[in-house]
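**Student:** Following this message is one structure expressed as structure tokens.
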Amino acid sequence: MNNEKNKLIVTKIEDGTVIDRIPPGKALRVLEVLGIDSNYPYTVALAIRVRSKKRSLKDVVKIKGKILSEKEVQKMSFIAPGACVNIIKNFEVEEKIKLEIPNHVEEFIDCLNPNCVSNANEPIDSSFDIVSKDPLILQCIYCDRIMEEKYLSGQL
Ligand SMILES: [Zn+2]
């Protein structure tokens with residue numbers, strides 16, 4: 001009984017968020033970015049490298065009772081572009097958000113230029129335009145520093 005085997009993954013939640021079609025192996029990074037650790041106050045289910053209906057591999061993260069904020073969704077779009085965020089209410093999908101890298105990003109990435117004003121003790125958030133999505137290249141709006149994905153490994 002194939003259905004029985006996949007029960008863990010397909011069990012429905014009443015309210016919360018299901019992050020589906022995460023690129024295989026990226027789910028742990030998604031948890032990290034969302035700050036999900038042993039003190040996280042919600043029930044979380046994690047499935048790594050499961051077969052999708054289209055037979056390809058994917059990761060899935062389900063968070064019971066928690067609707068992700070816009071900021072959290074934006075963060076994840078860098079880690080797991082192509083994934084799908086489903087907001088669940090009363091066992092129904094209320095909203096489906098396909099994760100795409102945005103054209104602009106603020107706050108959660110730090111500029112690599114140590115002399116950039118966004119790294120000084122000023123009350124401003126970092127801010128970048130996305131110059132290219134694949135490969136990912138960002139440009140700081142304050143100092144114009146170009147940042148490639150390979151130099152952001154600690155941040156993305
Ligand atoms: Zn900068």
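In the structure tokens, each chain is lettered A, B, ... as it comes, each chain's residues begin at 1, and ligands are numbered from 1 in order of appearance.
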Using only C-alpha atoms and all ligand atoms, which residues of the polymer chains come no farther than 6 Å from ligand 1? I'd like the answer as a PyMOL selection string.
**Tutor:** chain A and resi 111+113+116+140+142-143+145
**Student:** Please dump the current selection as a PDB file, in the first residue's frame; keep N, CA and C atoms.
**Tutor:**
ATOM      1  N   CYS A 111      25.822  43.602   3.476  1.00  0.00           N
ATOM      2  CA  CYS A 111      26.737  44.013   2.417  1.00  0.00           C
ATOM      3  C   CYS A 111      28.143  43.516   2.761  1.00  0.00           C
ATOM      4  N   ASN A 113      30.884  44.784   1.764  1.00  0.00           N
ATOM      5  CA  ASN A 113      31.833  45.886   1.865  1.00  0.00           C
ATOM      6  C   ASN A 113      31.843  46.405   3.305  1.00  0.00           C
ATOM      7  N   CYS A 116      30.750  49.937   3.915  1.00  0.00           N
ATOM      8  CA  CYS A 116      29.417  50.359   3.455  1.00  0.00           C
ATOM      9  C   CYS A 116      28.647  50.988   4.617  1.00  0.00           C
ATOM     10  N   CYS A 140      24.487  46.295  -3.974  1.00  0.00           N
ATOM     11  CA  CYS A 140      24.115  47.139  -2.836  1.00  0.00           C
ATOM     12  C   CYS A 140      23.669  48.510  -3.351  1.00  0.00           C
ATOM     13  N   TYR A 142      23.570  51.185  -1.632  1.00  0.00           N
ATOM     14  CA  TYR A 142      24.316  52.268  -0.970  1.00  0.00           C
ATOM     15  C   TYR A 142      25.722  52.424  -1.552  1.00  0.00           C
ATOM     16  N   CYS A 143      26.447  51.306  -1.687  1.00  0.00           N
ATOM     17  CA  CYS A 143      27.849  51.415  -2.106  1.00  0.00           C
ATOM     18  C   CYS A 143      28.107  50.815  -3.482  1.00  0.00           C
ATOM     19  N   ARG A 145      28.403  47.872  -4.372  1.00  0.00           N
ATOM     20  CA  ARG A 145      29.158  46.614  -4.362  1.00  0.00           C
ATOM     21  C   ARG A 145      28.335  45.499  -5.026  1.00  0.00           C
TER      22      ARG A 145
END
**Student:** Name the residues in contact with A:Asp134 at a cut-off of 12 Å, using only C-alpha atoms, excluding same-chain residues fewer than 2 positions from it; report them as a ChimeraX atom specification.
**Tutor:** /A:78,81,100-101,130-132,136-138,148-150
**Student:** So that I can see what lies close to A:Leu34, please list as JSON, numbers by chain the residues with an atom at most 10 Å from it, counting only C-alpha atoms and leaving out residues fewer than 2 positions away in the same chain.
**Tutor:** {"A": [28, 29, 30, 31, 32, 36, 37, 40, 68, 71, 72, 73, 75, 76]}
**Student:** Restrict the selected residues to N, CA and C atoms and save them as an mmCIF file, in the first residue's frame.
**Tutor:**
data_model
loop_
_atom_site.group_PDB
_atom_site.id
_atom_site.type_symbol
_atom_site.label_atom_id
_atom_site.label_comp_id
_atom_site.auth_asym_id
_atom_site.auth_seq_id
_atom_site.Cartn_x
_atom_site.Cartn_y
_atom_site.Cartn_z
ATOM 1 N N LEU A 28 16.661 21.486 5.391
ATOM 2 C CA LEU A 28 17.340 21.838 6.643
ATOM 3 C C LEU A 28 17.744 23.307 6.637
ATOM 4 N N ARG A 29 18.146 23.771 5.466
ATOM 5 C CA ARG A 29 18.509 25.187 5.323
ATOM 6 C C ARG A 29 17.272 26.065 5.484
ATOM 7 N N VAL A 30 16.147 25.581 4.988
ATOM 8 C CA VAL A 30 14.883 26.315 5.155
ATOM 9 C C VAL A 30 14.556 26.442 6.643
ATOM 10 N N LEU A 31 14.719 25.353 7.379
ATOM 11 C CA LEU A 31 14.452 25.394 8.820
ATOM 12 C C LEU A 31 15.346 26.432 9.495
ATOM 13 N N GLU A 32 16.596 26.424 9.086
ATOM 14 C CA GLU A 32 17.573 27.339 9.671
ATOM 15 C C GLU A 32 17.169 28.800 9.423
ATOM 16 N N ILE A 36 13.867 27.760 12.909
ATOM 17 C CA ILE A 36 13.227 26.613 13.541
ATOM 18 C C ILE A 36 14.298 25.750 14.201
ATOM 19 N N ASP A 37 14.284 25.733 15.532
ATOM 20 C CA ASP A 37 15.219 24.894 16.279
ATOM 21 C C ASP A 37 14.451 24.181 17.379
ATOM 22 N N TYR A 40 11.562 25.997 19.000
ATOM 23 C CA TYR A 40 10.479 26.531 18.162
ATOM 24 C C TYR A 40 9.132 26.112 18.740
ATOM 25 N N LEU A 68 3.407 31.782 7.801
ATOM 26 C CA LEU A 68 4.676 32.492 7.603
ATOM 27 C C LEU A 68 4.425 33.952 7.231
ATOM 28 N N LYS A 71 8.103 38.430 5.129
ATOM 29 C CA LYS A 71 9.576 38.443 5.248
ATOM 30 C C LYS A 71 10.140 37.035 5.207
ATOM 31 N N GLU A 72 9.494 36.131 5.942
ATOM 32 C CA GLU A 72 9.967 34.748 5.985
ATOM 33 C C GLU A 72 9.858 34.095 4.605
ATOM 34 N N VAL A 73 8.761 34.419 3.919
ATOM 35 C CA VAL A 73 8.571 33.867 2.577
ATOM 36 C C VAL A 73 9.656 34.408 1.644
ATOM 37 N N LYS A 75 12.678 35.460 2.429
ATOM 38 C CA LYS A 75 13.952 34.806 2.758
ATOM 39 C C LYS A 75 14.051 33.456 2.081
ATOM 40 N N MET A 76 12.975 32.706 2.171
ATOM 41 C CA MET A 76 13.002 31.355 1.623
ATOM 42 C C MET A 76 13.136 31.334 0.122
#
**Student:** Write out as a ChimeraX atom specification all residues of chain A that backbone DSSP assigns to strand (DSSP E or B).
**Tutor:** /A:16-22,43-51,57-64,84-89,92-98,104-106,127-133,136-140,146-148
**Student:** At a cut-off of 9 Å, using only C-alpha atoms, what residues contact stretch 48-52 of chain A? Leave out same-chain residues fewer than 3 positions from it and give the result as number ranges by chain.
**Tutor:** A: 6, 9, 21, 23-28, 55-61
**Student:** My list of candidates is A:Ile146, A:Val105, A:Ile141, A:Ala47. Which is closest to A:Asp20 when distances are computed with only C-alpha atoms?
**Tutor:**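 Distance minimum relative to A:Asp20 lands on A:Ala47.
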**Student:** Between atom CA of A:Asn103 and atom CA of A:Leu152, what distance in Å does the model show, to one decimal?
**Tutor:**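 Interatomic distance here is 17.1 Å.
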**Student:** Going by DSSP on the backbone, which bits of chain A are alpha helix (DSSP H)? Write them as a PyMOL selection string, please.
**Tutor:** chain A and resi 2-5+7-10+27-33+70-79
**Student:** Determine, counting only C-alpha atoms, which protein, DNA and RNA residues have an atom within 8 Å of an atom of A:Val44; residues of the same chain fewer than 4 positions away are not included. Present the result as an mmCIF file with N, CA and C atoms, in the first residue's frame.
**Tutor:**
data_model
loop_
_atom_site.group_PDB
_atom_site.id
_atom_site.type_symbol
_atom_site.label_atom_id
_atom_site.label_comp_id
_atom_site.auth_asym_id
_atom_site.auth_seq_id
_atom_site.Cartn_x
_atom_site.Cartn_y
_atom_site.Cartn_z
ATOM 1 N N VAL A 61 8.312 20.751 4.169
ATOM 2 C CA VAL A 61 8.287 21.188 5.566
ATOM 3 C C VAL A 61 6.862 21.631 5.885
ATOM 4 N N LYS A 62 6.322 21.107 6.989
ATOM 5 C CA LYS A 62 4.991 21.523 7.420
ATOM 6 C C LYS A 62 5.085 22.130 8.811
ATOM 7 N N ILE A 63 4.459 23.269 8.989
ATOM 8 C CA ILE A 63 4.469 23.929 10.294
ATOM 9 C C ILE A 63 3.025 24.099 10.734
ATOM 10 N N LYS A 64 2.696 23.424 11.812
ATOM 11 C CA LYS A 64 1.315 23.433 12.275
ATOM 12 C C LYS A 64 1.034 24.691 13.097
#
**Student:** Point out the residue among A:Gln74, A:Ser127, A:Asn86, A:Thr17 with the least atom-to-atom distance to A:Glu107, counting only C-alpha atoms.
**Tutor:**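 Under the stated criterion, the closest residue is A:Ser127.
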**Student:** Looking at only C-alpha atoms, which of A:Glu106, A:Asp125, A:Glu94, A:Asp144 is the one that sits closest to A:Asp15?
**Tutor:** A:Glu94
